[in-house]
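Colleague: One file is attached below, run.cif, containing mmCIF, C-alpha atoms.
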data_work
#
loop_
_atom_site.label_atom_id
_atom_site.label_comp_id
_atom_site.auth_asym_id
_atom_site.auth_seq_id
_atom_site.Cartn_x
_atom_site.Cartn_y
_atom_site.Cartn_z
CA ARG A 46 21.60 -50.77 -51.24
CA ARG A 47 18.11 -50.67 -49.70
CA VAL A 48 19.53 -51.78 -46.34
CA ARG A 49 22.11 -48.97 -46.39
CA VAL A 50 19.43 -46.42 -47.26
CA ARG A 51 17.22 -47.60 -44.40
CA ARG A 52 20.11 -47.43 -41.95
CA ALA A 53 21.02 -43.91 -43.06
CA ALA A 54 17.40 -42.78 -42.74
CA ALA A 55 17.13 -44.29 -39.27
CA SER A 56 20.35 -42.56 -38.16
CA ALA A 57 19.13 -39.20 -39.50
CA ALA A 58 15.79 -39.57 -37.72
CA ALA A 59 17.53 -40.41 -34.45
CA ALA A 60 19.80 -37.38 -34.79
CA LEU A 61 16.82 -35.10 -35.44
CA ALA A 62 15.01 -36.50 -32.42
CA VAL A 63 18.01 -35.85 -30.14
CA ALA A 64 18.37 -32.29 -31.47
CA ALA A 65 14.68 -31.62 -30.95
CA ALA A 66 14.87 -32.91 -27.39
CA GLN A 67 17.88 -30.71 -26.63
CA LEU A 68 16.02 -27.65 -27.91
CA THR A 69 12.78 -28.51 -26.12
CA VAL A 70 14.28 -28.87 -22.62
CA PRO A 71 15.65 -25.30 -22.39
CA LEU A 72 12.44 -23.91 -23.84
CA LEU A 73 10.37 -25.72 -21.27
CA GLY A 74 12.63 -24.44 -18.51
CA GLN A 75 12.30 -20.88 -19.75
CA GLU A 76 8.54 -21.17 -19.94
CA ALA A 77 8.33 -22.45 -16.37
CA ALA A 78 10.55 -19.65 -15.08
CA ALA A 79 8.81 -16.86 -17.00
CA PRO A 80 7.16 -14.22 -14.77
CA PRO A 81 3.37 -14.04 -14.77
CA GLY A 82 3.58 -10.63 -16.46
CA GLU A 83 1.41 -8.60 -14.11
CA ARG A 84 1.66 -4.84 -14.56
CA PHE A 85 0.26 -1.71 -12.96
CA ASP A 86 -1.98 0.78 -14.73
CA ALA A 87 0.26 3.54 -16.06
CA GLY A 88 -0.51 6.90 -14.48
CA ARG A 89 -2.58 5.41 -11.68
CA HIS A 90 -1.34 5.53 -8.11
CA ALA A 91 -1.57 1.95 -6.91
CA PHE A 92 -0.48 2.76 -3.35
CA ASP A 93 -1.11 5.24 -0.57
CA VAL A 94 2.05 6.33 1.26
CA GLY A 95 1.93 8.10 4.61
CA SER A 96 4.50 10.05 6.58
CA ALA A 97 6.53 7.77 8.82
CA GLY A 98 10.03 7.34 10.17
CA GLY A 99 10.69 11.06 9.77
CA PHE A 100 9.97 11.02 6.02
CA THR A 101 7.09 12.26 3.91
CA PRO A 102 6.31 11.68 0.21
CA ALA A 103 7.79 14.25 -2.18
CA SER A 104 6.74 12.83 -5.58
CA TYR A 105 5.08 9.77 -7.12
CA GLU A 106 5.99 8.04 -10.39
CA ALA A 107 3.18 5.72 -11.48
CA GLY A 108 4.68 3.34 -14.04
CA ARG A 109 3.52 -0.01 -15.38
CA ASP A 110 6.50 -2.03 -14.16
CA VAL A 111 7.28 -0.09 -10.99
CA GLN A 112 5.60 2.50 -8.80
CA ARG A 113 8.28 4.78 -7.36
CA ILE A 114 7.75 7.22 -4.50
CA LEU A 115 10.50 9.69 -3.57
CA LEU A 116 10.73 10.67 0.10
CA ARG A 117 12.14 13.75 1.83
CA PRO A 118 12.60 14.56 5.53
CA GLU A 119 9.32 15.62 7.09
CA ARG A 120 11.09 18.48 8.89
CA PRO A 121 13.58 20.21 6.57
CA GLY A 122 16.56 21.50 8.49
CA GLY A 123 16.18 18.90 11.24
CA THR A 124 18.64 16.26 12.35
CA LEU A 125 17.49 13.77 9.71
CA ARG A 126 19.43 14.49 6.51
CA ALA A 127 18.73 11.27 4.62
CA ASP A 128 16.42 10.81 1.66
CA GLY A 129 14.34 7.82 0.68
CA ILE A 130 12.87 5.87 -2.20
CA VAL A 131 10.00 3.38 -2.15
CA GLU A 132 9.74 1.04 -5.14
CA MET A 133 6.73 -1.23 -5.52
CA TYR A 134 6.75 -4.06 -8.05
CA PRO A 135 3.93 -6.22 -9.41
CA LYS A 136 3.98 -9.99 -9.11
CA GLY A 137 7.05 -11.34 -10.89
CA GLY A 138 8.81 -7.97 -11.05
CA LEU A 139 12.12 -7.17 -9.35
CA PRO A 140 14.60 -4.25 -9.37
CA PRO A 141 17.30 -4.39 -12.09
CA GLY A 142 19.97 -4.51 -9.38
CA SER A 143 18.53 -7.70 -7.90
CA GLY A 144 19.82 -9.87 -10.74
CA GLY A 145 16.40 -11.51 -10.91
CA ARG A 146 16.81 -12.99 -7.43
CA PRO A 147 14.07 -12.62 -4.79
CA PRO A 148 15.01 -10.61 -1.69
CA SER A 149 17.02 -12.26 1.05
CA GLY A 150 18.90 -11.13 4.12
CA ARG A 151 18.25 -10.69 7.81
CA PRO A 152 14.59 -11.39 8.65
CA ALA A 153 12.80 -8.23 9.80
CA PRO A 154 9.50 -7.84 11.65
CA ALA A 155 6.55 -8.61 9.41
CA VAL A 156 5.00 -5.74 7.46
CA HIS A 157 1.21 -5.97 7.68
CA GLY A 158 1.55 -9.70 8.27
CA HIS A 159 3.91 -10.29 5.33
CA ARG A 160 7.53 -11.43 5.47
CA ALA A 161 10.27 -8.82 5.28
CA TYR A 162 14.06 -8.71 5.06
CA VAL A 163 16.78 -6.19 5.76
CA LEU A 164 18.93 -6.67 2.67
CA ALA A 165 22.57 -7.61 3.19
CA ALA A 166 23.46 -5.69 0.00
CA PRO A 167 21.34 -2.88 -1.47
CA VAL A 168 19.70 -3.45 -4.85
CA VAL A 169 17.90 -0.15 -5.48
CA ARG A 170 20.98 2.10 -5.10
CA PRO A 171 24.50 1.63 -3.71
CA GLY A 172 25.29 2.59 -0.14
CA ALA A 173 21.68 2.62 1.05
CA VAL A 174 19.93 0.89 3.94
CA GLU A 175 17.25 -1.21 2.28
CA LEU A 176 14.33 -3.32 3.42
CA ALA A 177 12.11 -5.50 1.22
CA TRP A 178 8.73 -6.97 2.03
CA GLU A 179 6.24 -9.14 0.18
CA TRP A 180 3.21 -6.87 -0.08
CA LYS A 181 1.24 -9.69 -1.70
CA PRO A 182 2.24 -13.23 -2.73
CA GLY A 183 5.03 -13.01 -5.29
CA ALA A 184 5.09 -9.18 -5.30
CA TRP A 185 7.76 -7.18 -3.48
CA GLY A 186 8.20 -3.64 -2.23
CA TYR A 187 11.51 -1.97 -1.37
CA VAL A 188 12.44 0.90 0.94
CA SER A 189 15.82 2.51 0.28
CA LEU A 190 17.13 5.12 2.74
CA LYS A 191 20.45 6.86 2.23
CA GLY A 192 22.24 9.49 4.26
CA PRO A 193 22.73 10.53 7.91
CA GLY A 194 20.04 9.03 10.09
CA ALA A 195 19.12 6.16 7.76
CA ASP A 196 18.66 2.83 9.54
CA ASP A 197 16.56 -0.30 9.31
CA THR A 198 14.16 0.90 12.04
CA ARG A 199 13.19 3.92 9.95
CA ALA A 200 12.94 1.70 6.87
CA GLN A 201 10.54 -0.58 8.74
CA ARG A 202 8.31 2.36 9.68
CA VAL A 203 8.27 3.65 6.11
CA ALA A 204 7.28 0.20 4.84
CA LEU A 205 4.40 0.09 7.32
CA SER A 206 3.09 3.39 5.90
CA VAL A 207 2.69 1.90 2.38
CA LEU A 208 -0.68 0.35 1.63
CA PRO A 209 -2.63 -0.48 -1.55
CA ALA A 210 -4.60 2.51 -2.82
CA GLY A 211 -8.08 2.73 -1.43
CA THR A 212 -7.18 1.20 1.92
CA PHE A 213 -7.80 4.54 3.58
CA THR A 214 -11.40 5.17 2.52
CA ARG A 215 -13.77 7.66 4.03
CA PRO A 216 -17.26 6.42 4.88
CA ARG A 217 -19.90 7.67 2.51
CA PRO A 218 -22.28 10.23 3.99
CA THR A 219 -25.66 8.76 4.85
CA ALA A 220 -28.99 10.56 5.01
CA SER A 221 -29.86 11.56 8.55
CA ALA A 222 -32.78 9.68 10.02
CA PRO A 223 -35.92 11.71 10.77
CA PRO A 224 -36.42 12.47 14.46
CA ALA A 225 -38.49 9.96 16.37
CA THR A 226 -42.16 10.84 16.82
CA THR A 227 -42.91 11.84 20.39
CA THR A 228 -46.16 12.66 22.11
CA PRO A 229 -46.18 16.39 22.84
CA ARG A 230 -46.52 17.33 26.46
CA PRO A 231 -49.30 19.74 27.42
CA ALA A 232 -47.98 23.26 27.52
CA THR A 233 -47.75 24.92 30.90
CA THR A 234 -49.68 28.19 30.89
CA THR A 235 -47.96 31.04 32.61
CA PRO A 236 -50.25 33.90 33.66
CA SER A 237 -49.54 37.12 31.91
CA ALA A 238 -48.73 40.32 33.70
CA GLY A 239 -52.34 41.50 33.34
CA GLU A 240 -53.76 38.30 34.80
CA GLY A 241 -51.51 38.41 37.81
CA ALA A 242 -52.02 42.15 38.42
CA ALA A 243 -55.81 41.97 39.09
CA PRO A 244 -55.64 39.56 42.09
CA ALA A 245 -52.80 41.60 43.55
CA ALA A 246 -54.87 44.79 43.33
CA GLU A 247 -57.85 43.04 45.01
CA ARG A 248 -55.63 41.91 47.92
CA THR A 249 -54.31 45.42 48.38
CA GLU A 250 -57.86 46.81 48.35
CA ARG A 251 -59.03 44.29 50.98
CA GLN A 252 -56.11 45.10 53.22
CA ALA A 253 -56.85 48.81 52.95
CA ARG A 254 -60.50 48.37 54.03
CA PRO A 255 -61.28 49.14 57.71
#
With the file now loaded, output its structure as structure tokens.
Modeller:
Amino acid sequence: RRVRVRRAAASAAAALAVAAAQLTVPLLGQEAAAPPGERFDAGRHAFDVGSAGGFTPASYEAGRDVQRILLRPERPGGTLRADGIVEMYPKGGLPPGSGGRPPSGRPAPAVHGHRAYVLAAPVVRPGAVELAWEWKPGAWGYVSLKGPGADDTRAQRVALSVLPAGTFTRPRPTASAPPATTTPRPATTTPSAGEGAAPAAERTERQARP
């Protein structure tokens, strides 16, 4: 009876160990794949966006998980009829339409020294021309242009106009230095009208003498 009890206890312990191992492996995998969890400060503009590619910023949404800038044509009524969206994500963040997959596609010229891709399929909105670039390691930005005139060249220019806030800083005013001390030159004395008139009158008088 004792032998059977020991065997049953050993079998139960082995089964528990296998079950624990099966549960631990997925948990470890999920922990390794979990994003770092970086977020932006809500309400704070984390980026400066300039006018480029024929577009200019129209509005800015400063969220924690994404900073979204809406673009409009710089010249309303011109030939460019497209609109644009810039979405900036913190490290580990990606658009919902990406399916959690990092950007891929045709390599594009680097954006401020960082790798960039023209996406084969848009992830921000359907039917758009989209470019993604790694604005810092593990953090991606997306340009989405849609409408007549949208192309990857314009998207590249828009991406180049996006920089972290504070990149464009004005130099602080400095106090002007006092003028250098110089040795004053002796003033040149110019004879007044009275001083010059007396010698002239004497010359006239001498000439008039016989």
Colleague: Assuming the chain letters and numbering stay as they are in my file, what does the PyMOL selection byres ((chain A and resi 106) around 10) actually select? List them as an MDAnalysis selection string.
Modeller: chainID A and resid 87:90 104:105 107:109 111:115 132
Colleague: I need the residue nearest Asp196 (chain A) from this list: A:Ile130, A:Pro152, A:Gly98, A:Glu119. Use only C-alpha atoms for the distance.
Modeller: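 Smallest distance to Asp196 (chain A) is found for A:Gly98.
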Colleague: Could the residues of region 172-218 of chain A that have an atom at most 10 Å from region 120-129 of chain A be listed as JSON lines, each with its closest atom pair and the distance in Å to one decimal, counting only C-alpha atoms and ordered by chain and ascending residue number?
Modeller:
{"residue": "A:Ala173", "atom": "CA", "partner": "A:Gly129", "partner_atom": "CA", "distance": 9.0}
{"residue": "A:Val174", "atom": "CA", "partner": "A:Gly129", "partner_atom": "CA", "distance": 9.5}
{"residue": "A:Glu175", "atom": "CA", "partner": "A:Gly129", "partner_atom": "CA", "distance": 9.6}
{"residue": "A:Val188", "atom": "CA", "partner": "A:Gly129", "partner_atom": "CA", "distance": 7.2}
{"residue": "A:Ser189", "atom": "CA", "partner": "A:Gly129", "partner_atom": "CA", "distance": 5.5}
{"residue": "A:Leu190", "atom": "CA", "partner": "A:Gly129", "partner_atom": "CA", "distance": 4.4}
{"residue": "A:Lys191", "atom": "CA", "partner": "A:Ala127", "partner_atom": "CA", "distance": 5.3}
{"residue": "A:Gly192", "atom": "CA", "partner": "A:Ala127", "partner_atom": "CA", "distance": 4.0}
{"residue": "A:Pro193", "atom": "CA", "partner": "A:Ala127", "partner_atom": "CA", "distance": 5.2}
{"residue": "A:Gly194", "atom": "CA", "partner": "A:Leu125", "partner_atom": "CA", "distance": 5.4}
{"residue": "A:Ala195", "atom": "CA", "partner": "A:Ala127", "partner_atom": "CA", "distance": 6.0}
{"residue": "A:Asp196", "atom": "CA", "partner": "A:Ala127", "partner_atom": "CA", "distance": 9.8}
{"residue": "A:Ala200", "atom": "CA", "partner": "A:Gly129", "partner_atom": "CA", "distance": 8.8}
{"residue": "A:Val203", "atom": "CA", "partner": "A:Gly129", "partner_atom": "CA", "distance": 9.1}
Colleague: Identify all residues satisfying the PyMOL selection byres ((chain A and resi 148) around 9) in the given file; provide them as a VMD selection string.
Modeller: chain A and resid 139 143 146 to 147 149 to 150 161 to 164 176 to 178 185
Colleague: Between CA of Thr198 (chain A) and CA of Tyr134 (chain A), measure the distance and give it in Å to one decimal.
Modeller: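 The value is 22.0 Å.
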Colleague: What does the distance from CA of Gly99 (chain A) to CA of Arg199 (chain A) come to in Å, to one decimal?
Modeller: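 Distance reported for this atom pair: 7.6 Å.
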Colleague: Which distance in Å separates CA of Leu208 (chain A) and CA of Val168 (chain A), to one decimal?
Modeller: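 The value is 21.7 Å.
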Colleague: Between A:Thr101, A:Pro141, A:Glu83, A:Phe92, which one has atoms that come closest to Val207 (chain A), using all atoms listed in the file?
Modeller: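 Closest to Val207 (chain A) of all the choices is A:Phe92.
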Colleague: Could you tell me which residues the PyMOL selection byres ((chain A and resi 136) around 6) grabs in this file, written as a PDB file with C-alpha atoms, keeping the file's coordinate frame?
Modeller:
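The result, stored in expr05.pdb:
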ATOM      1  CA  GLU A  83       1.410  -8.600 -14.110  1.00  0.00           C
ATOM      2  CA  PRO A 135       3.930  -6.220  -9.410  1.00  0.00           C
ATOM      3  CA  GLY A 137       7.050 -11.340 -10.890  1.00  0.00           C
ATOM      4  CA  GLY A 138       8.810  -7.970 -11.050  1.00  0.00           C
ATOM      5  CA  GLY A 183       5.030 -13.010  -5.290  1.00  0.00           C
ATOM      6  CA  ALA A 184       5.090  -9.180  -5.300  1.00  0.00           C
TER       7      ALA A 184
END
Colleague: In terms of the shortest atom-to-atom distance over all atoms listed in the file, which of A:Leu116, A:Ala155, A:Met133, A:Leu205 is closest to Ala91 (chain A)?
Modeller: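 Counting all atoms listed in the file, the residue closest to Ala91 (chain A) is A:Met133.
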